[in-house]
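Chemist: Below is target-v3.txt; it holds compact mmCIF, C-alpha atoms and all ligand atoms.
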# COMPACT_ATOMS: atom_id res chain seq x y z
CA MET D 1 2.65 -2.88 2.18
CA ILE D 2 6.00 -4.51 2.98
CA ARG D 3 4.27 -7.75 3.95
CA GLN D 4 2.55 -7.83 0.53
CA LEU D 5 5.94 -7.54 -1.06
CA PHE D 6 6.91 -10.81 0.58
CA ASP D 7 3.98 -12.61 -1.04
CA LYS D 8 4.71 -11.66 -4.65
CA PRO D 9 8.09 -9.97 -4.73
CA LEU D 10 8.45 -9.54 -8.47
CA GLY D 11 4.82 -8.56 -9.05
CA GLN D 12 5.12 -5.97 -6.30
CA TRP D 13 8.35 -4.73 -7.75
CA PHE D 14 6.68 -4.04 -11.14
CA GLU D 15 3.74 -2.41 -9.33
CA ALA D 16 6.19 -0.17 -7.50
CA LEU D 17 7.68 0.84 -10.86
CA LYS D 18 4.21 1.88 -12.07
CA ARG D 19 3.62 3.93 -8.91
CA ALA D 20 7.00 5.65 -9.27
CA LYS D 21 5.29 8.68 -10.82
CA ASP D 22 3.83 9.67 -7.43
CA ARG D 23 7.07 9.55 -5.43
CA PRO D 24 10.66 9.83 -6.61
CA THR D 25 12.25 6.42 -7.14
CA VAL D 26 14.45 5.47 -4.20
CA ARG D 27 17.65 3.64 -5.14
CA VAL D 28 19.13 1.78 -2.19
CA LYS D 29 22.81 1.00 -2.67
CA GLN D 30 24.97 -1.30 -0.58
CA LEU D 31 27.74 0.87 0.85
CA GLU D 32 31.45 0.04 0.92
CA GLU D 33 34.71 1.32 2.35
CA ARG D 34 34.78 4.21 -0.16
CA ASP D 35 31.50 5.53 1.35
CA ARG D 36 32.82 5.71 4.94
CA PHE D 37 33.79 9.37 4.62
CA ARG D 38 30.27 10.33 3.53
CA MET D 39 28.77 8.13 6.24
CA ARG D 40 30.69 10.16 8.81
CA LYS D 41 29.21 13.35 7.37
CA HIS D 42 25.74 11.82 7.35
CA PHE D 43 25.79 10.79 11.01
CA LEU D 44 27.48 13.98 12.19
CA SER D 45 24.74 16.05 10.58
CA LEU D 46 22.05 14.34 12.67
CA ASP D 47 20.94 16.71 15.44
CA ASN D 48 20.62 15.65 19.10
CA ASP D 49 16.98 14.57 18.75
CA ASP D 50 17.80 12.36 15.79
CA ARG D 51 20.88 10.89 17.51
CA LEU D 52 18.70 9.99 20.48
CA LEU D 53 16.17 8.28 18.21
CA ARG D 54 18.83 6.50 16.16
CA PHE D 55 21.25 5.37 18.90
CA GLY D 56 19.03 5.47 21.99
CA THR D 57 21.34 8.15 23.46
CA VAL D 58 22.65 11.55 22.37
CA LEU D 59 26.03 10.40 21.09
CA PRO D 60 28.69 13.15 21.04
CA ASP D 61 30.59 13.71 17.79
CA GLU D 62 33.64 11.65 18.87
CA GLN D 63 31.48 8.61 19.55
CA VAL D 64 29.60 9.07 16.31
CA ILE D 65 32.94 9.06 14.47
CA ALA D 66 34.09 6.02 16.46
CA TYR D 67 30.84 4.21 15.56
CA VAL D 68 31.33 4.87 11.85
CA ASP D 69 35.03 4.01 11.94
CA LYS D 70 34.29 0.65 13.58
CA ILE D 71 31.72 -0.43 11.00
CA ASN D 72 32.87 -3.65 9.40
CA PHE D 73 31.64 -3.86 5.80
CA GLU D 74 32.57 -7.55 5.58
CA ARG D 75 30.50 -8.56 8.61
CA ASP D 76 27.54 -6.15 8.40
CA THR D 77 25.51 -4.88 5.50
CA ILE D 78 25.19 -1.13 5.16
CA TYR D 79 22.72 0.52 2.82
CA GLY D 80 22.63 4.10 1.63
CA VAL D 81 20.56 6.45 -0.46
CA TYR D 82 22.27 9.28 -2.34
CA ASN D 83 20.35 12.32 -3.57
CA GLN D 84 20.81 14.07 -6.93
CA VAL D 85 23.89 15.98 -5.78
CA PHE D 86 25.51 12.83 -4.38
CA LYS D 87 24.77 13.63 -0.75
CA LEU D 88 24.24 10.58 1.42
CA VAL D 89 20.77 11.33 2.75
CA ALA D 90 20.03 7.97 4.39
CA VAL D 91 21.90 5.07 5.95
CA GLY D 92 20.62 1.69 7.12
CA HIS D 93 22.83 -0.62 9.19
CA LEU D 94 21.94 -4.31 9.13
CA ALA D 95 23.87 -6.48 11.57
CA PHE D 96 23.58 -10.21 12.16
CA ALA D 97 24.04 -11.52 15.67
CA PRO D 98 23.79 -14.89 17.45
CA LYS D 99 20.27 -15.10 18.85
CA ALA D 100 21.67 -15.72 22.34
CA GLN D 101 22.82 -12.08 22.35
CA LEU D 102 19.27 -10.73 22.11
CA THR D 103 16.92 -11.16 25.04
CA GLY D 104 13.91 -13.22 24.08
CA ALA D 105 15.18 -14.09 20.61
CA ALA D 106 15.62 -17.75 21.54
CA THR D 107 11.85 -18.15 21.89
CA VAL D 108 11.13 -16.39 18.60
CA THR D 109 13.29 -18.29 16.12
CA GLU D 110 14.97 -21.65 15.63
CA LYS D 111 17.69 -20.15 13.44
CA GLU D 112 21.11 -19.52 14.96
CA LYS D 113 21.27 -15.87 13.96
CA VAL D 114 18.91 -12.89 14.02
CA ALA D 115 19.27 -9.52 12.33
CA GLU D 116 19.12 -6.02 13.80
CA PHE D 117 18.41 -2.91 11.79
CA GLY D 118 19.02 0.78 12.50
CA VAL D 119 18.18 3.58 10.10
CA SER D 120 18.50 7.33 9.71
CA VAL D 121 17.22 9.67 7.03
CA LEU D 122 18.27 13.34 6.93
CA ALA D 123 15.44 15.79 7.63
CA ILE D 124 15.64 17.20 4.08
CA ALA D 125 14.78 13.80 2.60
CA ARG D 126 12.06 12.54 4.94
CA GLY D 127 8.51 11.62 3.99
CA GLN D 128 9.49 10.30 0.55
CA GLY D 129 9.45 6.62 1.43
CA ILE D 130 13.23 6.34 1.92
CA GLY D 131 13.10 4.91 5.47
CA SER D 132 10.51 2.33 4.43
CA LYS D 133 12.48 1.37 1.33
CA LEU D 134 15.67 0.84 3.34
CA PHE D 135 13.79 -1.36 5.77
CA GLN D 136 12.23 -3.31 2.92
CA ARG D 137 15.63 -3.85 1.30
CA ALA D 138 17.14 -5.07 4.58
CA ALA D 139 14.25 -7.51 5.02
CA ILE D 140 14.78 -8.98 1.55
CA HIS D 141 18.50 -9.39 2.30
CA CYS D 142 17.66 -11.23 5.54
CA ARG D 143 15.37 -13.61 3.70
CA ASN D 144 18.05 -14.35 1.14
CA ALA D 145 20.57 -14.93 3.96
CA ASP D 146 18.16 -17.44 5.55
CA VAL D 147 17.53 -15.25 8.58
CA ASP D 148 13.88 -15.25 9.60
CA THR D 149 13.77 -12.62 12.36
CA LEU D 150 14.56 -8.95 11.88
CA TYR D 151 14.76 -6.77 15.00
CA MET D 152 14.57 -3.04 15.31
CA GLN D 153 15.09 -1.27 18.62
CA CYS D 154 13.66 2.18 18.98
CA LEU D 155 12.04 4.49 21.49
CA SER D 156 8.30 3.86 21.77
CA SER D 157 7.82 7.64 21.42
CA ASN D 158 9.23 7.39 17.89
CA GLN D 159 5.89 7.67 16.11
CA THR D 160 7.31 7.62 12.59
CA MET D 161 9.32 4.46 13.18
CA MET D 162 6.37 2.84 14.98
CA HIS D 163 4.27 3.61 11.91
CA ILE D 164 6.85 2.02 9.58
CA ALA D 165 7.14 -1.02 11.88
CA LYS D 166 3.36 -1.52 12.04
CA LYS D 167 3.05 -1.05 8.28
CA ALA D 168 5.61 -3.84 7.85
CA GLY D 169 3.58 -6.11 10.13
CA MET D 170 6.21 -6.11 12.90
CA GLU D 171 5.43 -7.51 16.31
CA ILE D 172 6.06 -4.69 18.80
CA HIS D 173 6.86 -5.08 22.51
CA ARG D 174 7.08 -1.93 24.61
CA GLU D 175 9.10 -1.79 27.82
CA TYR D 176 10.33 1.21 29.87
CA GLY D 177 10.07 3.64 26.97
CA GLU D 178 11.92 1.30 24.60
CA ALA D 179 10.17 -0.66 21.91
CA ASP D 180 11.55 -3.90 20.68
CA ALA D 181 10.02 -4.64 17.32
CA TYR D 182 10.65 -7.72 15.25
CA LEU D 183 9.43 -9.00 11.95
CA ARG D 184 9.09 -12.70 11.11
CA LEU D 185 10.24 -13.29 7.56
CA PRO D 186 9.28 -16.08 5.18
CA PRO D 187 12.03 -18.15 3.53
CA PRO D 188 13.74 -16.91 0.36
CA SER D 189 12.36 -17.59 -3.10
CA PRO D 190 13.85 -17.24 -6.60
CA GLY D 191 11.87 -13.97 -6.77
CA THR D 192 13.51 -12.45 -3.69
CA VAL D 193 16.99 -13.42 -4.89
CA MET D 194 16.33 -11.86 -8.29
CA GLN D 195 14.74 -8.78 -6.75
CA GLU D 196 17.76 -8.09 -4.56
CA ALA D 197 20.16 -8.54 -7.48
CA ILE D 198 18.12 -6.30 -9.82
CA GLU D 199 17.72 -3.54 -7.23
CA GLU D 200 21.45 -3.51 -6.53
CA GLN D 201 22.22 -3.34 -10.28
CA PHE D 202 19.94 -0.32 -10.76
CA ALA D 203 21.34 1.33 -7.64
CA THR D 204 24.91 0.80 -8.87
CA ILE D 205 24.13 2.48 -12.21
CA ASP D 206 22.44 5.35 -10.37
CA TYR D 207 25.42 5.67 -7.96
CA THR D 208 27.96 5.76 -10.80
CA PHE D 209 25.93 8.37 -12.67
CA LYS D 210 25.59 10.64 -9.63
CA ALA D 211 29.24 10.19 -8.59
CA THR D 212 30.42 11.10 -12.10
CA ASN D 213 28.15 14.16 -12.23
CA ARG D 214 29.42 15.27 -8.83
CA ALA D 215 33.06 14.88 -9.90
CA ALA D 216 32.37 16.86 -13.10
CA ALA D 217 30.59 19.62 -11.15
CA LYS D 218 33.57 19.88 -8.78
CA LEU D 219 35.90 20.36 -11.77
CA PHE D 220 33.78 23.25 -13.01
CA GLU D 221 33.62 24.79 -9.53
CA ARG D 222 37.43 25.20 -9.48
C1 LIG D 301 12.32 7.31 11.17
C2 LIG D 301 12.91 7.77 9.83
C3 LIG D 301 14.02 6.80 9.44
C4 LIG D 301 11.80 7.74 8.77
O1 LIG D 301 12.36 8.05 7.52
P1 LIG D 301 11.44 8.53 6.29
O2 LIG D 301 12.25 8.43 5.05
O3 LIG D 301 10.83 9.83 6.58
O4 LIG D 301 10.30 7.41 6.30
P2 LIG D 301 9.20 7.13 5.17
O5 LIG D 301 9.04 8.34 4.32
O6 LIG D 301 9.50 5.85 4.51
O7 LIG D 301 7.92 6.83 6.05
C5 LIG D 301 7.47 7.70 7.00
C6 LIG D 301 6.06 7.25 7.34
O8 LIG D 301 5.77 7.72 8.65
C7 LIG D 301 4.63 8.55 8.61
N1 LIG D 301 4.83 9.56 9.64
C8 LIG D 301 5.57 10.68 9.59
N2 LIG D 301 5.51 11.34 10.77
C9 LIG D 301 4.70 10.60 11.57
C10 LIG D 301 4.22 10.75 12.91
N3 LIG D 301 4.58 11.79 13.67
N4 LIG D 301 3.40 9.79 13.40
C11 LIG D 301 3.04 8.71 12.67
N5 LIG D 301 3.47 8.53 11.39
C12 LIG D 301 4.28 9.46 10.86
C13 LIG D 301 4.59 9.11 7.20
O9 LIG D 301 3.29 9.50 6.85
C14 LIG D 301 5.04 7.89 6.41
O10 LIG D 301 4.00 6.96 6.28
P3 LIG D 301 3.45 6.45 4.84
O11 LIG D 301 4.64 5.96 4.05
O12 LIG D 301 2.51 5.35 5.21
O13 LIG D 301 2.82 7.64 4.21
C15 LIG D 301 13.47 9.23 9.93
O14 LIG D 301 12.45 10.06 10.41
C16 LIG D 301 14.70 9.35 10.83
O15 LIG D 301 15.82 9.19 10.37
N6 LIG D 301 14.51 9.67 12.13
C17 LIG D 301 15.64 9.81 13.06
C18 LIG D 301 16.33 8.48 13.38
C19 LIG D 301 15.34 7.38 13.76
O16 LIG D 301 14.31 7.63 14.34
N7 LIG D 301 15.69 6.13 13.41
C20 LIG D 301 14.86 4.99 13.73
C21 LIG D 301 15.35 4.23 14.92
S1 LIG D 301 16.60 3.09 14.46
As structure tokens, please, write out the structure in this file.
Ligand SMILES: CC(C)(COP(=O)(O)OP(=O)(O)OC[C@H]1O[C@@H](n2cnc3c(N)ncnc32)[C@H](O)[C@@H]1OP(=O)(O)O)[C@@H](O)C(=O)NCCC(=O)NCCS
Modeler:
Amino acid sequence: MIRQLFDKPLGQWFEALKRAKDRPTVRVKQLEERDRFRMRKHFLSLDNDDRLLRFGTVLPDEQVIAYVDKINFERDTIYGVYNQVFKLVAVGHLAFAPKAQLTGAATVTEKEKVAEFGVSVLAIARGQGIGSKLFQRAAIHCRNADVDTLYMQCLSSNQTMMHIAKKAGMEIHREYGEADAYLRLPPPSPGTVMQEAIEEQFATIDYTFKATNRAAAKLFER
């Protein structure tokens, strides 16, 4: 499904709009400094199993907080999905790194940099296509940034993530319980640039609407 999107980005985008009746529309917004507080809440509400799947180890609360506090919004790209009551139900962290830092990356790409993606969706919001949509959005951003290899490290026992990776056409290598999955991306096109810009515009409107509603609801709660 994600691979098809790379072939005809705008056509697929309109198709996705038509299919929106079946699943709620997922608006993926690029997060900023003002979202850090809600990111902390998001990661702290992941239970031990989810922390293991997301970070490869059961991070204690202090390290989760340190991870969020160290996120650099200038260097990395962070995506989020807010639900109707302005709760941050999903976060995707896209980081670019020199390929020399990743074992084996030198043989996969000729570009200087590769991208790495990590994602978490709260249990209450799973199975609605949010994880896939975040991954798809990160892949489009990589294309537009002229990065052609997107890595995702996860445990090979993570069936859901393996399913998403396979659906995206990722090449998966399993080693000692860890799976290193990467996706080769085609170069950008005017369609991918426009798609990213349009999606961010819609997500910004959605974000403003939900944030305003939440602020109004808080006033009434007093
Ligand atoms: C992995 C995770 C991000 C998925 O989020 P999500 O929003 O539920 O994902 P989606 O709804 O887009 O897709 C889930 C897909 O997996 C499938 N799936 C669900 N459970 C599955 C299982 N046990 N085995 C195989 N596939 C499974 C669903 O049917 C769905 O497929 P479809 O879209 O083809 O119908 C979420 O479960 C999560 O946050 N887990 C904890 C952290 C983690 O594992 N992060 C990944 C490592 S970085």
Chemist: Let me make sure I understand: among D:Met161, D:Ala211, D:Ala105, D:Ala168, which one has the smallest atom-to-atom distance to Gln84 (chain D) if we use all atoms listed in the file?
Modeler: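 Looking only at the distances to Gln84 (chain D), the closest residue turns out to be D:Ala211.
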Chemist: Would you kindly return, as a list in words, each protein, DNA or RNA residue with an atom no farther than 10 Å from any atom of His163 (chain D), considering all atoms listed in the file and excluding same-chain residues fewer than 6 positions away?
Modeler: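 Residues meeting the cut-off are Ser132, Gly169 and Met170 of chain D.
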Chemist: Just write the chosen residues, C-alpha atoms, as a compact mmCIF listing (two decimals), in the coordinates of the input.
Modeler:
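And here's part32.txt as it stands now:
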# COMPACT_ATOMS: atom_id res chain seq x y z
CA SER D 132 10.51 2.33 4.43
CA GLY D 169 3.58 -6.11 10.13
CA MET D 170 6.21 -6.11 12.90
Chemist: Taking into account only C-alpha atoms and all ligand atoms, which residue in the set D:Ala181, D:Val119, D:Leu88, D:Ile78 is nearest to ligand LIG 301 (chain D)?
Modeler: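 Ranking D:Ala181, D:Val119, D:Leu88, D:Ile78 by distance to ligand LIG 301 (chain D), first place goes to D:Val119.
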Chemist: For a quick check of understanding, using all atoms listed in the file, which of D:Ala197, D:Ala179, D:Leu122, D:Ala66 has the smallest distance to ligand LIG 301 (chain D)?
Modeler: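 Checking each candidate against ligand LIG 301 (chain D), we get D:Leu122 as the closest.
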Chemist: From the list D:Ser189, D:Asn213, D:Thr57, D:Gln63, which residue is nearest Leu155 (chain D) when using only C-alpha atoms?
Modeler: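 Nearest to Leu155 (chain D): D:Thr57.
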Chemist: Grab me every residue within 6 Å of ligand LIG 301 (chain D), counting all atoms listed in the file, and send it over as a list in words.
Modeler: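 Written in the requested form, the residues are Asp50, Leu53, Arg54, Gly118, Val119, Ser120, Val121, Leu122, Arg126, Gly127, Gln128, Gly129, Ile130, Gly131, Ser132, Cys154, Gln159, Thr160, Met161, His163 and Ile164 of chain D.
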Chemist: With distances taken over all atoms listed in the file, which residue among D:Val81, D:Arg23, D:Leu59, D:Arg38 lies nearest Tyr207 (chain D)?
Modeler: D:Val81
Chemist: Quick check, in Å to one decimal: how far apart do CA of Val147 (chain D) and CA of Arg36 (chain D) lie?
Modeler: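 Computing the Euclidean distance for CA of Val147 (chain D) and CA of Arg36 (chain D) yields 26.2 Å.
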Chemist: Work out how far apart CA of Asp35 (chain D) and CA of Asp61 (chain D) are and give it in Å to one decimal.
Modeler: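 Taking CA of Asp35 (chain D) and CA of Asp61 (chain D), their separation equals 18.4 Å.
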Chemist: At a cut-off of 12 Å from (31.3, -7.6, 3.3) in the coordinates of the file, what residues are picked up using all atoms listed in the file, written as a JSON list (two decimals) with C-alpha atoms, in the coordinates of the input?
Modeler:
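Produced file point25.json, reproduced below:
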[["chain", "number", "residue", "atom", "x", "y", "z"],
["D", 30, "GLN", "CA", 24.97, -1.30, -0.58],
["D", 31, "LEU", "CA", 27.74, 0.87, 0.85],
["D", 32, "GLU", "CA", 31.45, 0.04, 0.92],
["D", 33, "GLU", "CA", 34.71, 1.32, 2.35],
["D", 71, "ILE", "CA", 31.72, -0.43, 11.00],
["D", 72, "ASN", "CA", 32.87, -3.65, 9.40],
["D", 73, "PHE", "CA", 31.64, -3.86, 5.80],
["D", 74, "GLU", "CA", 32.57, -7.55, 5.58],
["D", 75, "ARG", "CA", 30.50, -8.56, 8.61],
["D", 76, "ASP", "CA", 27.54, -6.15, 8.40],
["D", 77, "THR", "CA", 25.51, -4.88, 5.50],
["D", 78, "ILE", "CA", 25.19, -1.13, 5.16],
["D", 79, "TYR", "CA", 22.72, 0.52, 2.82],
["D", 94, "LEU", "CA", 21.94, -4.31, 9.13],
["D", 95, "ALA", "CA", 23.87, -6.48, 11.57]]
Chemist: In terms of the shortest atom-to-atom distance over all atoms listed in the file, which of D:Lys166, D:Asp49, D:Tyr82, D:Thr107 is closest to Thr208 (chain D)?
Modeler: D:Tyr82
Chemist: One number please: CA of Ala97 (chain D) to CA of Lys113 (chain D), in Å, one decimal.
Modeler: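 These two atoms are separated by 5.4 Å.
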Chemist: Can you pull out the residues contacting Lys133 (chain D)? Cut-off 9 Å, using only C-alpha atoms, and skip same-chain residues under 2 positions away; I want them as a ChimeraX atom specification.
Modeler: /D:2,26-28,129-131,135-138
Chemist: Go ahead and dump the residues you just picked, C-alpha atoms, as an mmCIF file, keeping the file's coordinate frame.
Modeler:
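In the end it all went to result-v1.cif:
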data_model
loop_
_atom_site.group_PDB
_atom_site.id
_atom_site.type_symbol
_atom_site.label_atom_id
_atom_site.label_comp_id
_atom_site.auth_asym_id
_atom_site.auth_seq_id
_atom_site.Cartn_x
_atom_site.Cartn_y
_atom_site.Cartn_z
ATOM 1 C CA ILE D 2 6.000 -4.510 2.980
ATOM 2 C CA VAL D 26 14.450 5.470 -4.200
ATOM 3 C CA ARG D 27 17.650 3.640 -5.140
ATOM 4 C CA VAL D 28 19.130 1.780 -2.190
ATOM 5 C CA GLY D 129 9.450 6.620 1.430
ATOM 6 C CA ILE D 130 13.230 6.340 1.920
ATOM 7 C CA GLY D 131 13.100 4.910 5.470
ATOM 8 C CA PHE D 135 13.790 -1.360 5.770
ATOM 9 C CA GLN D 136 12.230 -3.310 2.920
ATOM 10 C CA ARG D 137 15.630 -3.850 1.300
ATOM 11 C CA ALA D 138 17.140 -5.070 4.580
#
Chemist: How about completing region 148-162 of chain D with N, CA and C atoms and giving it to me as an mmCIF file, in the coordinates of the input?
Modeler:
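New file selection_24.cif:
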data_model
loop_
_atom_site.group_PDB
_atom_site.id
_atom_site.type_symbol
_atom_site.label_atom_id
_atom_site.label_comp_id
_atom_site.auth_asym_id
_atom_site.auth_seq_id
_atom_site.Cartn_x
_atom_site.Cartn_y
_atom_site.Cartn_z
ATOM 1 N N ASP D 148 15.341 -15.435 9.628
ATOM 2 C CA ASP D 148 13.880 -15.250 9.600
ATOM 3 C C ASP D 148 13.347 -14.263 10.630
ATOM 4 N N THR D 149 14.247 -13.590 11.364
ATOM 5 C CA THR D 149 13.770 -12.620 12.360
ATOM 6 C C THR D 149 14.597 -11.334 12.275
ATOM 7 N N LEU D 150 13.894 -10.250 12.034
ATOM 8 C CA LEU D 150 14.560 -8.950 11.880
ATOM 9 C C LEU D 150 14.105 -8.038 13.015
ATOM 10 N N TYR D 151 15.058 -7.618 13.843
ATOM 11 C CA TYR D 151 14.760 -6.770 15.000
ATOM 12 C C TYR D 151 15.043 -5.298 14.703
ATOM 13 N N MET D 152 14.281 -4.458 15.377
ATOM 14 C CA MET D 152 14.570 -3.040 15.310
ATOM 15 C C MET D 152 14.302 -2.467 16.697
ATOM 16 N N GLN D 153 15.311 -1.846 17.294
ATOM 17 C CA GLN D 153 15.090 -1.270 18.620
ATOM 18 C C GLN D 153 14.904 0.213 18.472
ATOM 19 N N CYS D 154 13.822 0.728 19.033
ATOM 20 C CA CYS D 154 13.660 2.180 18.980
ATOM 21 C C CYS D 154 12.822 2.645 20.162
ATOM 22 N N LEU D 155 12.826 3.953 20.387
ATOM 23 C CA LEU D 155 12.040 4.490 21.490
ATOM 24 C C LEU D 155 10.564 4.382 21.125
ATOM 25 N N SER D 156 9.727 4.023 22.111
ATOM 26 C CA SER D 156 8.300 3.860 21.770
ATOM 27 C C SER D 156 7.654 5.202 21.449
ATOM 28 N N SER D 157 8.352 6.322 21.793
ATOM 29 C CA SER D 157 7.820 7.640 21.420
ATOM 30 C C SER D 157 8.110 7.980 19.957
ATOM 31 N N ASN D 158 8.858 7.124 19.290
ATOM 32 C CA ASN D 158 9.230 7.390 17.890
ATOM 33 C C ASN D 158 8.067 7.002 16.968
ATOM 34 N N GLN D 159 7.142 7.957 16.830
ATOM 35 C CA GLN D 159 5.890 7.670 16.110
ATOM 36 C C GLN D 159 6.125 7.251 14.659
ATOM 37 N N THR D 160 7.067 7.931 14.005
ATOM 38 C CA THR D 160 7.310 7.620 12.590
ATOM 39 C C THR D 160 7.803 6.187 12.424
ATOM 40 N N MET D 161 8.759 5.810 13.296
ATOM 41 C CA MET D 161 9.320 4.460 13.180
ATOM 42 C C MET D 161 8.283 3.415 13.581
ATOM 43 N N MET D 162 7.448 3.755 14.574
ATOM 44 C CA MET D 162 6.370 2.840 14.980
ATOM 45 C C MET D 162 5.412 2.614 13.808
#
